[in-house]
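A.B. asks: What follows is my_file_25.txt; its format and atoms are compact mmCIF, C-alpha atoms and all ligand atoms.
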```txt
# COMPACT_ATOMS: atom_id res chain seq x y z
CA MET A 1 -22.82 -15.78 -18.09
CA ASP A 2 -20.67 -16.62 -15.06
CA ILE A 3 -19.83 -13.35 -13.31
CA ARG A 4 -17.78 -13.29 -10.16
CA LEU A 5 -17.25 -10.03 -8.30
CA ARG A 6 -15.05 -8.95 -5.47
CA PRO A 7 -17.38 -7.19 -2.98
CA HIS A 8 -15.47 -3.90 -3.11
CA HIS A 9 -16.10 -3.67 -6.84
CA GLY A 10 -19.72 -2.96 -5.91
CA MET A 11 -18.41 0.46 -4.84
CA CYS A 12 -16.02 0.94 -7.79
CA PHE A 13 -18.81 0.23 -10.28
CA GLN A 14 -20.89 3.10 -8.95
CA PHE A 15 -18.18 5.68 -9.62
CA TYR A 16 -16.69 4.26 -12.81
CA LYS A 17 -16.24 6.90 -15.50
CA GLY A 18 -14.27 5.03 -18.15
CA LYS A 19 -10.92 5.33 -16.43
CA GLY A 20 -8.79 2.39 -15.40
CA TYR A 21 -5.45 0.64 -15.34
CA SER A 22 -5.21 -0.04 -19.09
CA LYS A 23 -7.19 -0.07 -22.34
CA LYS A 24 -7.90 -3.77 -21.91
CA PHE A 25 -9.13 -3.07 -18.39
CA THR A 26 -11.58 -0.33 -19.43
CA GLU A 27 -12.84 -2.31 -22.43
CA ASN A 28 -13.65 -5.21 -20.14
CA MET A 29 -15.29 -2.89 -17.58
CA ASP A 30 -17.40 -1.26 -20.29
CA ASP A 31 -18.49 -4.66 -21.58
CA LEU A 32 -19.21 -6.07 -18.12
CA LEU A 33 -21.15 -3.03 -16.90
CA GLY A 34 -23.04 -2.88 -20.17
CA ARG A 35 -24.16 -6.49 -19.85
CA LEU A 36 -25.08 -6.12 -16.18
CA SER A 37 -27.04 -2.91 -16.70
CA GLU A 38 -29.05 -4.64 -19.43
CA ASN A 39 -30.30 -7.14 -16.86
CA ASN A 40 -30.21 -6.25 -13.17
CA ASN A 41 -31.39 -9.75 -12.33
CA THR A 42 -28.19 -11.34 -13.57
CA ASN A 43 -26.76 -13.44 -10.78
CA ILE A 44 -23.27 -12.60 -9.60
CA THR A 45 -21.15 -14.57 -7.15
CA LEU A 46 -19.13 -12.77 -4.51
CA THR A 47 -15.51 -13.83 -4.32
CA LEU A 48 -12.48 -12.83 -2.30
CA SER A 49 -10.09 -13.62 -5.13
CA ALA A 50 -9.54 -12.49 -8.74
CA ASP A 51 -12.91 -11.79 -10.35
CA SER A 52 -14.45 -10.82 -13.67
CA VAL A 53 -12.87 -7.35 -13.37
CA CYS A 54 -9.41 -8.52 -12.30
CA GLY A 55 -9.21 -10.87 -15.29
CA SER A 56 -8.29 -7.93 -17.54
CA CYS A 57 -6.24 -5.93 -15.04
CA PRO A 58 -2.45 -5.49 -15.38
CA ASN A 59 -2.19 -5.67 -11.57
CA ASN A 60 -3.42 -9.26 -11.69
CA ILE A 61 -0.28 -11.38 -11.53
CA ASN A 62 -1.08 -15.04 -12.03
CA GLY A 63 -4.46 -14.60 -10.39
CA ILE A 64 -3.22 -12.56 -7.43
CA CYS A 65 -3.71 -8.80 -7.17
CA LYS A 66 -0.50 -6.81 -6.67
CA THR A 67 -2.26 -5.10 -3.76
CA GLU A 68 -4.07 -8.20 -2.56
CA LYS A 69 -3.73 -7.43 1.15
CA LYS A 70 -5.26 -3.98 0.73
CA VAL A 71 -8.10 -4.98 -1.60
CA SER A 72 -9.07 -8.06 0.36
CA GLY A 73 -9.43 -5.75 3.37
CA TYR A 74 -11.87 -3.66 1.33
CA ASP A 75 -13.72 -6.83 0.32
CA ARG A 76 -14.09 -8.08 3.87
CA ALA A 77 -15.34 -4.69 5.07
CA VAL A 78 -18.03 -4.61 2.36
CA LEU A 79 -19.10 -8.17 3.18
CA GLU A 80 -19.36 -7.35 6.87
CA LYS A 81 -21.22 -4.05 6.49
CA CYS A 82 -23.69 -5.39 3.94
CA GLY A 83 -24.23 -8.76 5.57
CA PHE A 84 -23.06 -10.68 2.51
CA GLY A 85 -21.05 -13.89 2.62
CA GLU A 86 -18.09 -15.08 0.58
CA GLY A 87 -19.34 -17.32 -2.24
CA GLN A 88 -22.87 -15.91 -2.05
CA THR A 89 -24.78 -15.65 -5.32
CA ILE A 90 -27.24 -12.75 -5.61
CA PRO A 91 -28.88 -10.69 -8.36
CA TYR A 92 -26.62 -7.85 -9.50
CA GLY A 93 -29.26 -5.19 -8.81
CA GLU A 94 -29.66 -6.35 -5.22
CA PHE A 95 -25.89 -6.33 -4.72
CA ILE A 96 -25.47 -2.79 -6.07
CA SER A 97 -28.47 -1.32 -4.25
CA THR A 98 -27.36 -2.84 -0.94
CA VAL A 99 -23.83 -1.42 -1.28
CA LYS A 100 -25.36 1.94 -2.19
CA SER A 101 -27.82 2.13 0.69
CA ILE A 102 -25.60 0.69 3.40
CA ILE A 103 -22.22 2.15 2.45
CA LEU A 104 -22.39 4.97 -0.08
CA ASN A 105 -25.51 6.74 1.14
CA LYS A 106 -24.17 6.66 4.70
CA ASN A 107 -20.81 8.10 3.65
CA LEU A 108 -18.91 5.03 4.85
CA ARG A 109 -16.95 4.50 1.65
CA GLU A 110 -13.80 6.38 2.62
CA GLU A 111 -13.63 4.54 5.89
CA ILE A 112 -13.29 1.38 3.81
CA CYS A 113 -11.20 2.39 0.79
CA GLY A 114 -10.01 5.95 1.42
CA ASP A 115 -6.39 4.87 0.81
CA CYS A 116 -7.13 3.63 -2.73
CA SER A 117 -5.23 5.35 -5.54
CA TRP A 118 -8.57 6.15 -7.26
CA ASN A 119 -10.10 7.74 -4.16
CA GLU A 120 -10.32 11.25 -5.63
CA ILE A 121 -12.59 10.00 -8.44
CA CYS A 122 -15.10 8.61 -5.97
CA LYS A 123 -15.51 11.74 -3.84
S1 LIG B 201 -6.30 -7.08 -9.86
FE1 LIG B 201 -6.39 -5.74 -8.03
S2 LIG B 201 -6.23 -3.65 -8.84
FE2 LIG B 201 -6.83 -5.00 -10.55
S3 LIG B 201 -9.09 -4.94 -10.61
FE3 LIG B 201 -8.48 -6.70 -9.35
S4 LIG B 201 -8.52 -5.93 -7.23
FE4 LIG B 201 -8.45 -4.14 -8.60
```
How would this structure read if it were set down as structure tokens?
Ligand code: SF4
C.D. replies:
Amino acid sequence: MDIRLRPHHGMCFQFYKGKGYSKKFTENMDDLLGRLSENNNTNITLTLSADSVCGSCPNNINGICKTEKKVSGYDRAVLEKCGFGEGQTIPYGEFISTVKSIILNKNLREEICGDCSWNEICK
């Protein structure tokens, strides 16, 4: 299973409640999160381009997010705060727990992605 994740999706995953951009999007999210939660040791690779979530998103236009500038800013902020690197491969559980302890538990999320259209869901 080759799973690539944009770093900021490590925050989105922790607030996901079945809502999303389309039915295809939420079906893919449900499947992906289901597989990852079955095995926290699954390796994921951090990417700053379209990932395993974006693949089913209507905002993904030929591999480029419609809001690429904004979301890549979120990605870079998560990489920097968590000490991750682009292209790094790590176990999913380690990725999620690091994002949680360094960003979410310290209330730094809104500083990173407070202008996201889904912000209210993550409060
Ligand atoms: S294409 Fe953009 S809006 Fe869609 S999941 Fe990827 S980063 Fe998010």
A.B. asks: Return as AutoDock Vina command-line options the box centre and box size in Å, one decimal, for an axis-aligned box around all listed atoms of ligand LIG 201 (chain B) padded by 6 Å per side.
C.D. replies:
```
--center_x -7.7 --center_y -5.4 --center_z -8.9 --size_x 14.9 --size_y 15.4 --size_z 15.4
```
A.B. asks: Can you work out the spacing between atom CA of Ser97 of chain A and atom CA of Thr67 of chain A in Å, to one decimal?
C.D. replies: 26.5 Å
A.B. asks: Find the residue from A:Ile103, A:Ile90, A:Cys57, A:Leu46 that sits nearest to ligand LIG 201 (chain B); use only C-alpha atoms and all ligand atoms when measuring.
C.D. replies: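 Nearest candidate to ligand LIG 201 (chain B) out of A:Ile103, A:Ile90, A:Cys57, A:Leu46: A:Cys57.
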A.B. asks: Fewer than 5 positions away in the same chain doesn't count, so skip those; otherwise give me all residues within 12 Å of Gly93 of chain A, counting all atoms listed in the file, as a list in words.
C.D. replies: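 The residues that qualify are Gly10, Phe13, Gln14, Leu33, Leu36, Ser37, Glu38, Asn39, Asn40, Asn41, Thr42, Asn43, Ile44, Thr98, Val99 and Lys100 of chain A.
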A.B. asks: Quick one: everything within 12 Å of Thr26 of chain A, counting all atoms listed in the file, minus sequence neighbours fewer than 4 positions away in the same chain. Send it as a PyMOL selection string.
C.D. replies: chain A and resi 13+16-22+30-34+53-58
A.B. asks: Could I get the residue neighbourhood of ligand LIG 201 (chain B) at 12 Å, counting only C-alpha atoms and all ligand atoms, as a ChimeraX atom specification?
C.D. replies: /A:4-13,19-22,24-26,28-29,47-75,113,116-118
A.B. asks: Could you tell me how far atom CA of Ile102 of chain A lies from atom CA of Phe84 of chain A, in Å and to one decimal?
C.D. replies: 11.7 Å
A.B. asks: By how many Å are atom CA of Lys23 of chain A and atom CA of Pro91 of chain A apart?
C.D. replies: 27.9 Å
A.B. asks: From the list A:Arg35, A:Phe15, A:Glu80, A:Thr45, which residue is nearest Ile112 of chain A when using all atoms listed in the file?
C.D. replies: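 For Ile112 of chain A, the nearest of the given residues is A:Glu80.
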A.B. asks: Can you take chain A from the block and write C-alpha atoms as a CSV table (one decimal), in the first residue's frame?
C.D. replies:
```csv
chain,number,residue,atom,x,y,z
A,1,MET,CA,0.0,0.0,0.0
A,2,ASP,CA,1.7,3.2,-1.2
A,3,ILE,CA,0.2,6.1,0.8
A,4,ARG,CA,1.4,9.6,0.3
A,5,LEU,CA,0.2,12.4,2.5
A,6,ARG,CA,0.4,16.1,2.5
A,7,PRO,CA,1.6,17.1,5.9
A,8,HIS,CA,-1.4,19.3,6.7
A,9,HIS,CA,-3.7,16.3,6.2
A,10,GLY,CA,-2.3,15.1,9.5
A,11,MET,CA,-4.4,17.8,11.1
A,12,CYS,CA,-7.5,17.3,8.8
A,13,PHE,CA,-7.5,13.5,9.7
A,14,GLN,CA,-7.9,14.3,13.4
A,15,PHE,CA,-11.1,16.3,12.9
A,16,TYR,CA,-12.7,14.4,10.0
A,17,LYS,CA,-16.3,13.6,10.6
A,18,GLY,CA,-17.4,12.2,7.3
A,19,LYS,CA,-17.8,15.6,5.6
A,20,GLY,CA,-15.9,16.6,2.5
A,21,TYR,CA,-15.9,18.0,-1.0
A,22,SER,CA,-17.9,15.2,-2.7
A,23,LYS,CA,-19.2,11.7,-2.2
A,24,LYS,CA,-16.1,10.3,-4.0
A,25,PHE,CA,-13.9,12.3,-1.7
A,26,THR,CA,-15.5,11.1,1.5
A,27,GLU,CA,-15.6,7.5,0.3
A,28,ASN,CA,-11.9,7.6,-0.3
A,29,MET,CA,-11.3,9.3,3.1
A,30,ASP,CA,-13.3,6.6,4.8
A,31,ASP,CA,-11.4,3.9,3.1
A,32,LEU,CA,-8.0,5.5,3.7
A,33,LEU,CA,-8.6,6.2,7.3
A,34,GLY,CA,-10.1,2.8,7.9
A,35,ARG,CA,-7.0,1.1,6.4
A,36,LEU,CA,-4.6,3.3,8.4
A,37,SER,CA,-6.4,2.9,11.7
A,38,GLU,CA,-6.2,-0.9,11.2
A,39,ASN,CA,-2.4,-0.6,11.2
A,40,ASN,CA,-0.7,2.4,12.8
A,41,ASN,CA,2.6,1.1,11.6
A,42,THR,CA,1.8,1.6,8.0
A,43,ASN,CA,4.4,3.7,6.4
A,44,ILE,CA,3.3,7.0,4.8
A,45,THR,CA,5.4,9.3,2.7
A,46,LEU,CA,5.1,13.1,3.2
A,47,THR,CA,4.6,15.0,0.0
A,48,LEU,CA,4.1,18.6,-1.0
A,49,SER,CA,2.0,17.7,-4.0
A,50,ALA,CA,-1.2,15.8,-4.7
A,51,ASP,CA,-1.5,12.9,-2.3
A,52,SER,CA,-3.7,9.9,-1.5
A,53,VAL,CA,-6.5,12.3,-0.3
A,54,CYS,CA,-6.2,14.7,-3.2
A,55,GLY,CA,-6.6,11.9,-5.7
A,56,SER,CA,-10.4,11.8,-5.1
A,57,CYS,CA,-10.9,15.5,-4.6
A,58,PRO,CA,-12.8,17.7,-7.1
A,59,ASN,CA,-10.4,20.5,-6.3
A,60,ASN,CA,-7.6,18.5,-7.8
A,61,ILE,CA,-7.2,19.8,-11.3
A,62,ASN,CA,-4.7,17.7,-13.3
A,63,GLY,CA,-2.7,17.0,-10.1
A,64,ILE,CA,-2.7,20.5,-8.8
A,65,CYS,CA,-4.9,21.7,-6.0
A,66,LYS,CA,-7.1,24.7,-6.9
A,67,THR,CA,-5.8,26.3,-3.7
A,68,GLU,CA,-2.3,25.1,-4.1
A,69,LYS,CA,-0.6,28.2,-2.8
A,70,LYS,CA,-2.7,28.2,0.4
A,71,VAL,CA,-2.4,24.5,1.1
A,72,SER,CA,1.3,24.2,0.4
A,73,GLY,CA,1.7,27.0,3.0
A,74,TYR,CA,-0.1,24.8,5.5
A,75,ASP,CA,2.1,21.8,4.5
A,76,ARG,CA,5.3,23.8,5.0
A,77,ALA,CA,4.2,25.0,8.4
A,78,VAL,CA,3.5,21.5,9.6
A,79,LEU,CA,6.8,20.2,8.3
A,80,GLU,CA,8.7,23.0,10.0
A,81,LYS,CA,6.9,22.8,13.4
A,82,CYS,CA,7.1,19.0,13.5
A,83,GLY,CA,10.6,18.7,12.2
A,84,PHE,CA,9.6,16.5,9.3
A,85,GLY,CA,11.1,16.7,5.8
A,86,GLU,CA,9.5,16.6,2.4
A,87,GLY,CA,9.8,13.0,1.0
A,88,GLN,CA,10.2,11.5,4.5
A,89,THR,CA,8.7,8.1,5.1
A,90,ILE,CA,7.4,7.4,8.6
A,91,PRO,CA,4.9,5.2,10.4
A,92,TYR,CA,1.4,6.7,10.2
A,93,GLY,CA,1.0,6.5,14.0
A,94,GLU,CA,4.1,8.5,14.6
A,95,PHE,CA,3.1,11.1,12.1
A,96,ILE,CA,-0.4,11.6,13.7
A,97,SER,CA,0.9,11.6,17.2
A,98,THR,CA,3.6,14.1,16.4
A,99,VAL,CA,1.1,16.5,14.7
A,100,LYS,CA,-1.2,16.1,17.7
A,101,SER,CA,1.4,16.7,20.4
A,102,ILE,CA,3.3,19.5,18.7
A,103,ILE,CA,0.4,21.4,16.9
A,104,LEU,CA,-3.0,20.4,18.1
A,105,ASN,CA,-2.3,20.0,21.9
A,106,LYS,CA,-0.5,23.4,21.9
A,107,ASN,CA,-3.4,25.1,20.1
A,108,LEU,CA,-1.3,26.1,17.1
A,109,ARG,CA,-3.6,24.8,14.5
A,110,GLU,CA,-5.5,28.0,13.7
A,111,GLU,CA,-2.2,29.8,13.3
A,112,ILE,CA,-1.5,27.4,10.5
A,113,CYS,CA,-4.8,26.9,8.8
A,114,GLY,CA,-7.3,29.2,10.4
A,115,ASP,CA,-8.3,30.6,6.9
A,116,CYS,CA,-9.4,27.2,5.7
A,117,SER,CA,-13.0,26.9,4.6
A,118,TRP,CA,-13.4,23.9,7.0
A,119,ASN,CA,-12.0,25.8,10.0
A,120,GLU,CA,-15.3,25.8,12.0
A,121,ILE,CA,-15.3,22.0,12.0
A,122,CYS,CA,-11.9,21.8,13.6
A,123,LYS,CA,-12.6,24.1,16.5
```
